[in-house]
$ cat target-v4.cif   # mmCIF, N, CA and C atoms
data_start
loop_
_atom_site.group_PDB
_atom_site.id
_atom_site.type_symbol
_atom_site.label_atom_id
_atom_site.label_comp_id
_atom_site.auth_asym_id
_atom_site.auth_seq_id
_atom_site.Cartn_x
_atom_site.Cartn_y
_atom_site.Cartn_z
ATOM 1 N N HIS A 1 152.547 104.404 235.335
ATOM 2 C CA HIS A 1 152.609 105.092 236.612
ATOM 3 C C HIS A 1 152.266 106.568 236.436
ATOM 4 N N VAL A 2 152.902 107.203 235.491
ATOM 5 C CA VAL A 2 152.703 108.643 235.321
ATOM 6 C C VAL A 2 151.278 108.953 234.868
ATOM 7 N N SER A 3 150.717 108.130 234.004
ATOM 8 C CA SER A 3 149.384 108.427 233.471
ATOM 9 C C SER A 3 148.306 108.437 234.555
ATOM 10 N N LYS A 4 148.544 107.802 235.663
ATOM 11 C CA LYS A 4 147.577 107.808 236.758
ATOM 12 C C LYS A 4 147.494 109.185 237.426
ATOM 13 N N PHE A 5 148.587 109.928 237.438
ATOM 14 C CA PHE A 5 148.662 111.197 238.165
ATOM 15 C C PHE A 5 148.749 112.425 237.266
ATOM 16 N N VAL A 6 149.052 112.225 235.994
ATOM 17 C CA VAL A 6 149.197 113.335 235.053
ATOM 18 C C VAL A 6 148.064 113.232 234.023
ATOM 19 N N PRO A 7 146.982 113.993 234.229
ATOM 20 C CA PRO A 7 145.831 113.868 233.344
ATOM 21 C C PRO A 7 146.086 114.518 231.975
ATOM 22 N N PRO A 8 145.278 114.163 230.981
ATOM 23 C CA PRO A 8 145.382 114.833 229.673
ATOM 24 C C PRO A 8 145.244 116.341 229.839
ATOM 25 N N GLY A 9 146.011 117.079 229.062
ATOM 26 C CA GLY A 9 145.998 118.528 229.147
ATOM 27 C C GLY A 9 147.078 119.083 230.059
ATOM 28 N N SER A 10 147.797 118.222 230.761
ATOM 29 C CA SER A 10 148.903 118.663 231.618
ATOM 30 C C SER A 10 150.072 119.107 230.742
ATOM 31 N N VAL A 11 150.916 119.974 231.302
ATOM 32 C CA VAL A 11 152.066 120.490 230.586
ATOM 33 C C VAL A 11 153.329 120.186 231.384
ATOM 34 N N ARG A 12 154.337 119.637 230.717
ATOM 35 C CA ARG A 12 155.614 119.403 231.393
ATOM 36 C C ARG A 12 156.291 120.748 231.605
ATOM 37 N N ILE A 13 156.718 121.020 232.837
ATOM 38 C CA ILE A 13 157.325 122.310 233.159
ATOM 39 C C ILE A 13 158.790 122.201 233.558
ATOM 40 N N ALA A 14 159.258 120.988 233.854
ATOM 41 C CA ALA A 14 160.663 120.820 234.226
ATOM 42 C C ALA A 14 161.061 119.368 234.027
ATOM 43 N N CYS A 15 162.352 119.189 233.763
ATOM 44 C CA CYS A 15 162.904 117.847 233.613
ATOM 45 C C CYS A 15 164.402 117.942 233.877
ATOM 46 N N SER A 16 164.927 117.057 234.736
ATOM 47 C CA SER A 16 166.362 117.113 235.022
ATOM 48 C C SER A 16 166.852 115.781 235.571
ATOM 49 N N THR A 17 168.156 115.606 235.497
ATOM 50 C CA THR A 17 168.833 114.490 236.148
ATOM 51 C C THR A 17 170.058 115.064 236.849
ATOM 52 N N VAL A 18 170.120 114.843 238.168
ATOM 53 C CA VAL A 18 171.229 115.344 238.969
ATOM 54 C C VAL A 18 171.637 114.259 239.949
ATOM 55 N N ASP A 19 172.900 113.908 239.979
ATOM 56 C CA ASP A 19 173.436 112.920 240.926
ATOM 57 C C ASP A 19 172.644 111.612 240.929
ATOM 58 N N GLY A 20 172.241 111.136 239.751
ATOM 59 C CA GLY A 20 171.532 109.870 239.666
ATOM 60 C C GLY A 20 170.050 109.930 239.972
ATOM 61 N N ILE A 21 169.529 111.127 240.230
ATOM 62 C CA ILE A 21 168.101 111.307 240.478
ATOM 63 C C ILE A 21 167.490 111.993 239.260
ATOM 64 N N SER A 22 166.513 111.325 238.655
ATOM 65 C CA SER A 22 165.789 111.928 237.536
ATOM 66 C C SER A 22 164.482 112.494 238.060
ATOM 67 N N ALA A 23 164.113 113.657 237.529
ATOM 68 C CA ALA A 23 162.882 114.305 237.969
ATOM 69 C C ALA A 23 162.182 114.919 236.767
ATOM 70 N N VAL A 24 160.869 114.838 236.791
ATOM 71 C CA VAL A 24 160.056 115.528 235.798
ATOM 72 C C VAL A 24 158.848 116.095 236.527
ATOM 73 N N ALA A 25 158.461 117.325 236.159
ATOM 74 C CA ALA A 25 157.345 117.991 236.818
ATOM 75 C C ALA A 25 156.330 118.451 235.774
ATOM 76 N N PHE A 26 155.059 118.386 236.149
ATOM 77 C CA PHE A 26 153.969 118.768 235.275
ATOM 78 C C PHE A 26 153.043 119.729 236.002
ATOM 79 N N LYS A 27 152.381 120.597 235.237
ATOM 80 C CA LYS A 27 151.288 121.414 235.772
ATOM 81 C C LYS A 27 150.015 120.872 235.143
ATOM 82 N N THR A 28 149.049 120.514 235.990
ATOM 83 C CA THR A 28 147.813 119.903 235.519
ATOM 84 C C THR A 28 146.790 120.980 235.143
ATOM 85 N N PRO A 29 145.750 120.601 234.413
ATOM 86 C CA PRO A 29 144.721 121.585 234.046
ATOM 87 C C PRO A 29 144.033 122.237 235.245
ATOM 88 N N ASP A 30 144.007 121.577 236.402
ATOM 89 C CA ASP A 30 143.405 122.176 237.599
ATOM 90 C C ASP A 30 144.437 122.896 238.470
ATOM 91 N N ASN A 31 145.576 123.267 237.856
ATOM 92 C CA ASN A 31 146.631 124.070 238.492
ATOM 93 C C ASN A 31 147.312 123.393 239.666
ATOM 94 N N LYS A 32 147.384 122.084 239.661
ATOM 95 C CA LYS A 32 148.198 121.358 240.629
ATOM 96 C C LYS A 32 149.517 121.000 239.950
ATOM 97 N N PHE A 33 150.501 120.659 240.764
ATOM 98 C CA PHE A 33 151.799 120.248 240.255
ATOM 99 C C PHE A 33 152.026 118.782 240.593
ATOM 100 N N VAL A 34 152.587 118.050 239.661
ATOM 101 C CA VAL A 34 152.902 116.643 239.851
ATOM 102 C C VAL A 34 154.389 116.473 239.555
ATOM 103 N N GLY A 35 155.103 115.870 240.481
ATOM 104 C CA GLY A 35 156.517 115.574 240.290
ATOM 105 C C GLY A 35 156.759 114.077 240.383
ATOM 106 N N VAL A 36 157.538 113.555 239.461
ATOM 107 C CA VAL A 36 157.922 112.148 239.480
ATOM 108 C C VAL A 36 159.440 112.107 239.629
ATOM 109 N N PHE A 37 159.908 111.411 240.658
ATOM 110 C CA PHE A 37 161.323 111.378 241.010
ATOM 111 C C PHE A 37 161.798 109.934 241.036
ATOM 112 N N CYS A 38 162.920 109.655 240.392
ATOM 113 C CA CYS A 38 163.451 108.288 240.302
ATOM 114 C C CYS A 38 164.915 108.267 240.713
ATOM 115 N N ASN A 39 165.261 107.314 241.572
ATOM 116 C CA ASN A 39 166.649 107.080 241.956
ATOM 117 C C ASN A 39 167.087 105.801 241.247
ATOM 118 N N TYR A 40 167.751 105.953 240.110
ATOM 119 C CA TYR A 40 168.137 104.779 239.342
ATOM 120 C C TYR A 40 169.639 104.528 239.349
ATOM 121 N N GLU A 41 170.427 105.430 239.915
ATOM 122 C CA GLU A 41 171.876 105.242 239.931
ATOM 123 C C GLU A 41 172.467 105.175 241.329
ATOM 124 N N TYR A 42 172.034 106.041 242.204
ATOM 125 C CA TYR A 42 172.650 106.165 243.510
ATOM 126 C C TYR A 42 172.417 104.879 244.302
ATOM 127 N N ALA A 43 173.477 104.240 244.763
ATOM 128 C CA ALA A 43 173.396 102.897 245.363
ATOM 129 C C ALA A 43 172.620 102.855 246.677
ATOM 130 N N GLY A 44 172.680 103.892 247.467
ATOM 131 C CA GLY A 44 171.940 103.906 248.730
ATOM 132 C C GLY A 44 170.709 104.771 248.601
ATOM 133 N N SER A 45 170.179 105.200 249.722
ATOM 134 C CA SER A 45 169.065 106.134 249.625
ATOM 135 C C SER A 45 169.623 107.548 249.503
ATOM 136 N N LYS A 46 168.837 108.417 248.942
ATOM 137 C CA LYS A 46 169.278 109.774 248.653
ATOM 138 C C LYS A 46 168.211 110.747 249.126
ATOM 139 N N LEU A 47 168.620 111.768 249.875
ATOM 140 C CA LEU A 47 167.701 112.810 250.324
ATOM 141 C C LEU A 47 167.624 113.880 249.244
ATOM 142 N N VAL A 48 166.410 114.183 248.830
ATOM 143 C CA VAL A 48 166.178 115.184 247.793
ATOM 144 C C VAL A 48 165.251 116.246 248.372
ATOM 145 N N THR A 49 165.611 117.505 248.225
ATOM 146 C CA THR A 49 164.768 118.612 248.667
ATOM 147 C C THR A 49 164.084 119.228 247.453
ATOM 148 N N ILE A 50 162.770 119.337 247.524
ATOM 149 C CA ILE A 50 161.971 119.905 246.451
ATOM 150 C C ILE A 50 161.552 121.309 246.878
ATOM 151 N N ALA A 51 161.892 122.302 246.067
ATOM 152 C CA ALA A 51 161.534 123.686 246.365
ATOM 153 C C ALA A 51 160.282 124.059 245.574
ATOM 154 N N THR A 52 159.250 124.518 246.280
ATOM 155 C CA THR A 52 158.009 124.951 245.638
ATOM 156 C C THR A 52 157.720 126.387 246.050
ATOM 157 N N GLU A 53 156.734 126.997 245.412
ATOM 158 C CA GLU A 53 156.356 128.366 245.781
ATOM 159 C C GLU A 53 155.831 128.443 247.208
ATOM 160 N N SER A 54 155.215 127.369 247.685
ATOM 161 C CA SER A 54 154.648 127.387 249.034
ATOM 162 C C SER A 54 155.597 126.860 250.108
ATOM 163 N N GLY A 55 156.805 126.466 249.722
ATOM 164 C CA GLY A 55 157.785 125.972 250.680
ATOM 165 C C GLY A 55 158.557 124.791 250.123
ATOM 166 N N ASN A 56 159.362 124.193 250.969
ATOM 167 C CA ASN A 56 160.179 123.050 250.562
ATOM 168 C C ASN A 56 159.692 121.779 251.232
ATOM 169 N N PHE A 57 159.954 120.642 250.583
ATOM 170 C CA PHE A 57 159.732 119.356 251.238
ATOM 171 C C PHE A 57 160.824 118.396 250.814
ATOM 172 N N ASP A 58 161.099 117.425 251.680
ATOM 173 C CA ASP A 58 162.170 116.459 251.447
ATOM 174 C C ASP A 58 161.600 115.097 251.081
ATOM 175 N N LEU A 59 162.333 114.402 250.219
ATOM 176 C CA LEU A 59 162.024 113.018 249.856
ATOM 177 C C LEU A 59 163.247 112.173 250.124
ATOM 178 N N GLN A 60 163.055 111.029 250.705
ATOM 179 C CA GLN A 60 164.136 110.058 250.895
ATOM 180 C C GLN A 60 163.906 108.968 249.837
ATOM 181 N N LEU A 61 164.753 108.940 248.822
ATOM 182 C CA LEU A 61 164.583 107.993 247.718
ATOM 183 C C LEU A 61 165.557 106.835 247.859
ATOM 184 N N LYS A 62 165.008 105.643 248.008
ATOM 185 C CA LYS A 62 165.849 104.445 248.048
ATOM 186 C C LYS A 62 166.269 104.078 246.629
ATOM 187 N N HIS A 63 167.328 103.276 246.525
ATOM 188 C CA HIS A 63 167.820 102.845 245.220
ATOM 189 C C HIS A 63 166.717 102.130 244.441
ATOM 190 N N SER A 64 166.635 102.405 243.151
ATOM 191 C CA SER A 64 165.677 101.769 242.229
ATOM 192 C C SER A 64 164.222 102.004 242.629
ATOM 193 N N THR A 65 163.917 103.212 243.081
ATOM 194 C CA THR A 65 162.534 103.558 243.415
ATOM 195 C C THR A 65 162.075 104.761 242.610
ATOM 196 N N ALA A 66 160.772 104.890 242.494
ATOM 197 C CA ALA A 66 160.144 106.062 241.891
ATOM 198 C C ALA A 66 159.087 106.562 242.864
ATOM 199 N N VAL A 67 158.980 107.868 242.982
ATOM 200 C CA VAL A 67 158.015 108.506 243.879
ATOM 201 C C VAL A 67 157.283 109.586 243.100
ATOM 202 N N THR A 68 155.973 109.633 243.291
ATOM 203 C CA THR A 68 155.157 110.685 242.682
ATOM 204 C C THR A 68 154.602 111.560 243.791
ATOM 205 N N CYS A 69 154.725 112.870 243.619
ATOM 206 C CA CYS A 69 154.208 113.839 244.590
ATOM 207 C C CYS A 69 153.279 114.798 243.867
ATOM 208 N N ILE A 70 152.219 115.209 244.580
ATOM 209 C CA ILE A 70 151.272 116.186 244.045
ATOM 210 C C ILE A 70 151.167 117.330 245.049
ATOM 211 N N TRP A 71 151.226 118.560 244.556
ATOM 212 C CA TRP A 71 151.094 119.713 245.437
ATOM 213 C C TRP A 71 150.418 120.849 244.688
ATOM 214 N N ASP A 72 149.938 121.836 245.471
ATOM 215 C CA ASP A 72 149.284 123.026 244.898
ATOM 216 C C ASP A 72 150.303 124.110 244.675
#

$ encode --input "target-v4.cif" --output "structure tokens"
Amino acid sequence: HVSKFVPPGSVRIACSTVDGISAVAFKTPDNKFVGVFCNYEYAGSKLVTIATESGNFDLQLKHSTAVTCIWD
């Protein structure tokens, strides 16, 4: 899954697990950001707010799901 969105030469810039949500973020060679978010513990869906330099966006993560987001 990750290899489809994170090209060679990308650099991992963040990694965390909070309240059952795991997240990892990369900066790609073309200066885009890729975030992969997984809800592997929280039994219901979980609202996650992602803070970026250009603003915030929300993700609703259902149990046992992974979501990939790309932004500038």

$ resolve_selection --input "target-v4.cif" --expression "the PyMOL selection byres ((chain A and resi 26) around 8)" --output "count of residues only"
19

$ select_by_dssp --input "target-v4.cif" --residues "chain A" --states "strand (DSSP E or B)" --output "MDAnalysis selection string"
chainID A and resid 11:18 21:27 33:39 46:52 55:61 65:71

$ residues_around --input "target-v4.cif" --residues "segment 43-59 of chain A" --least-positions-apart "4" --cutoff "8 Å" --atoms "only N, CA and C atoms" --output "ChimeraX atom specification"
/A:20,39,63-64,72

$ select_by_dssp --input "target-v4.cif" --residues "chain A" --states "helix (DSSP H, G or I)" --output "PyMOL selection string"
chain A and resi 2-5

$ atom_distance --input "target-v4.cif" --atom1 "atom N of Trp71 of chain A" --atom2 "atom C of Thr17 of chain A"
20.6 Å

$ atom_distance --input "target-v4.cif" --atom1 "atom CA of Glu41 of chain A" --atom2 "atom CA of Phe5 of chain A"
24.0 Å

$ closest_residue --input "target-v4.cif" --among "A:Tyr40, A:Ser3, A:Pro8, A:Thr68" --to "Ile21 of chain A" --atoms "all atoms listed in the file"
A:Tyr40

$ atom_distance --input "target-v4.cif" --atom1 "atom CA of Ser16 of chain A" --atom2 "atom CA of Cys69 of chain A"
15.8 Å

$ build_atoms --input "target-v4.cif" --residues "segment 49-60 of chain A" --atoms "all heavy atoms" --output "tab-separated table (two decimals), in the coordinates of the input"
chain	number	residue	atom	x	y	z
A	49	THR	N	165.61	117.50	248.22
A	49	THR	CA	164.77	118.61	248.67
A	49	THR	C	164.08	119.23	247.45
A	49	THR	O	164.75	119.59	246.48
A	49	THR	CB	165.59	119.68	249.41
A	49	THR	OG1	166.21	119.07	250.54
A	49	THR	CG2	164.72	120.84	249.86
A	50	ILE	N	162.77	119.34	247.52
A	50	ILE	CA	161.97	119.90	246.45
A	50	ILE	C	161.55	121.31	246.88
A	50	ILE	O	160.93	121.47	247.93
A	50	ILE	CB	160.72	119.06	246.17
A	50	ILE	CG1	161.08	117.58	245.99
A	50	ILE	CG2	159.95	119.60	244.98
A	50	ILE	CD1	162.11	117.29	244.95
A	51	ALA	N	161.89	122.30	246.07
A	51	ALA	CA	161.53	123.69	246.36
A	51	ALA	C	160.28	124.06	245.57
A	51	ALA	O	160.26	123.91	244.35
A	51	ALA	CB	162.68	124.61	246.01
A	52	THR	N	159.25	124.52	246.28
A	52	THR	CA	158.01	124.95	245.64
A	52	THR	C	157.72	126.39	246.05
A	52	THR	O	158.37	126.93	246.95
A	52	THR	CB	156.83	124.05	246.05
A	52	THR	OG1	156.49	124.32	247.41
A	52	THR	CG2	157.15	122.58	245.86
A	53	GLU	N	156.73	127.00	245.41
A	53	GLU	CA	156.36	128.37	245.78
A	53	GLU	C	155.83	128.44	247.21
A	53	GLU	O	155.99	129.45	247.88
A	53	GLU	CB	155.31	128.90	244.81
A	53	GLU	CG	155.86	129.18	243.43
A	53	GLU	CD	154.81	129.75	242.49
A	53	GLU	OE1	153.66	129.99	242.93
A	53	GLU	OE2	155.15	129.94	241.33
A	54	SER	N	155.22	127.37	247.68
A	54	SER	CA	154.65	127.39	249.03
A	54	SER	C	155.60	126.86	250.11
A	54	SER	O	155.25	126.81	251.27
A	54	SER	CB	153.35	126.58	249.06
A	54	SER	OG	153.58	125.26	248.63
A	55	GLY	N	156.80	126.47	249.72
A	55	GLY	CA	157.78	125.97	250.68
A	55	GLY	C	158.56	124.79	250.12
A	55	GLY	O	158.42	124.44	248.96
A	56	ASN	N	159.36	124.19	250.97
A	56	ASN	CA	160.18	123.05	250.56
A	56	ASN	C	159.69	121.78	251.23
A	56	ASN	O	159.11	121.83	252.31
A	56	ASN	CB	161.64	123.27	250.95
A	56	ASN	CG	162.25	124.48	250.28
A	56	ASN	OD1	161.75	124.97	249.27
A	56	ASN	ND2	163.34	124.97	250.83
A	57	PHE	N	159.95	120.64	250.58
A	57	PHE	CA	159.73	119.36	251.24
A	57	PHE	C	160.82	118.40	250.81
A	57	PHE	O	161.46	118.56	249.77
A	57	PHE	CB	158.33	118.79	250.98
A	57	PHE	CG	157.99	118.52	249.54
A	57	PHE	CD1	158.22	117.27	248.99
A	57	PHE	CD2	157.43	119.49	248.75
A	57	PHE	CE1	157.89	116.99	247.67
A	57	PHE	CE2	157.08	119.23	247.43
A	57	PHE	CZ	157.32	117.98	246.89
A	58	ASP	N	161.10	117.42	251.68
A	58	ASP	CA	162.17	116.46	251.45
A	58	ASP	C	161.60	115.10	251.08
A	58	ASP	O	160.56	114.69	251.59
A	58	ASP	CB	163.03	116.29	252.70
A	58	ASP	CG	163.81	117.55	253.04
A	58	ASP	OD1	164.16	118.31	252.12
A	58	ASP	OD2	164.08	117.77	254.23
A	59	LEU	N	162.33	114.40	250.22
A	59	LEU	CA	162.02	113.02	249.86
A	59	LEU	C	163.25	112.17	250.12
A	59	LEU	O	164.36	112.58	249.80
A	59	LEU	CB	161.69	112.90	248.36
A	59	LEU	CG	160.51	113.65	247.82
A	59	LEU	CD1	160.47	113.52	246.30
A	59	LEU	CD2	159.24	113.09	248.42
A	60	GLN	N	163.06	111.03	250.70
A	60	GLN	CA	164.14	110.06	250.90
A	60	GLN	C	163.91	108.97	249.84
A	60	GLN	O	162.96	108.20	249.94
A	60	GLN	CB	164.10	109.47	252.30
A	60	GLN	CG	165.30	108.64	252.64
A	60	GLN	CD	166.54	109.49	252.90
A	60	GLN	OE1	166.45	110.60	253.38
A	60	GLN	NE2	167.68	108.96	252.58
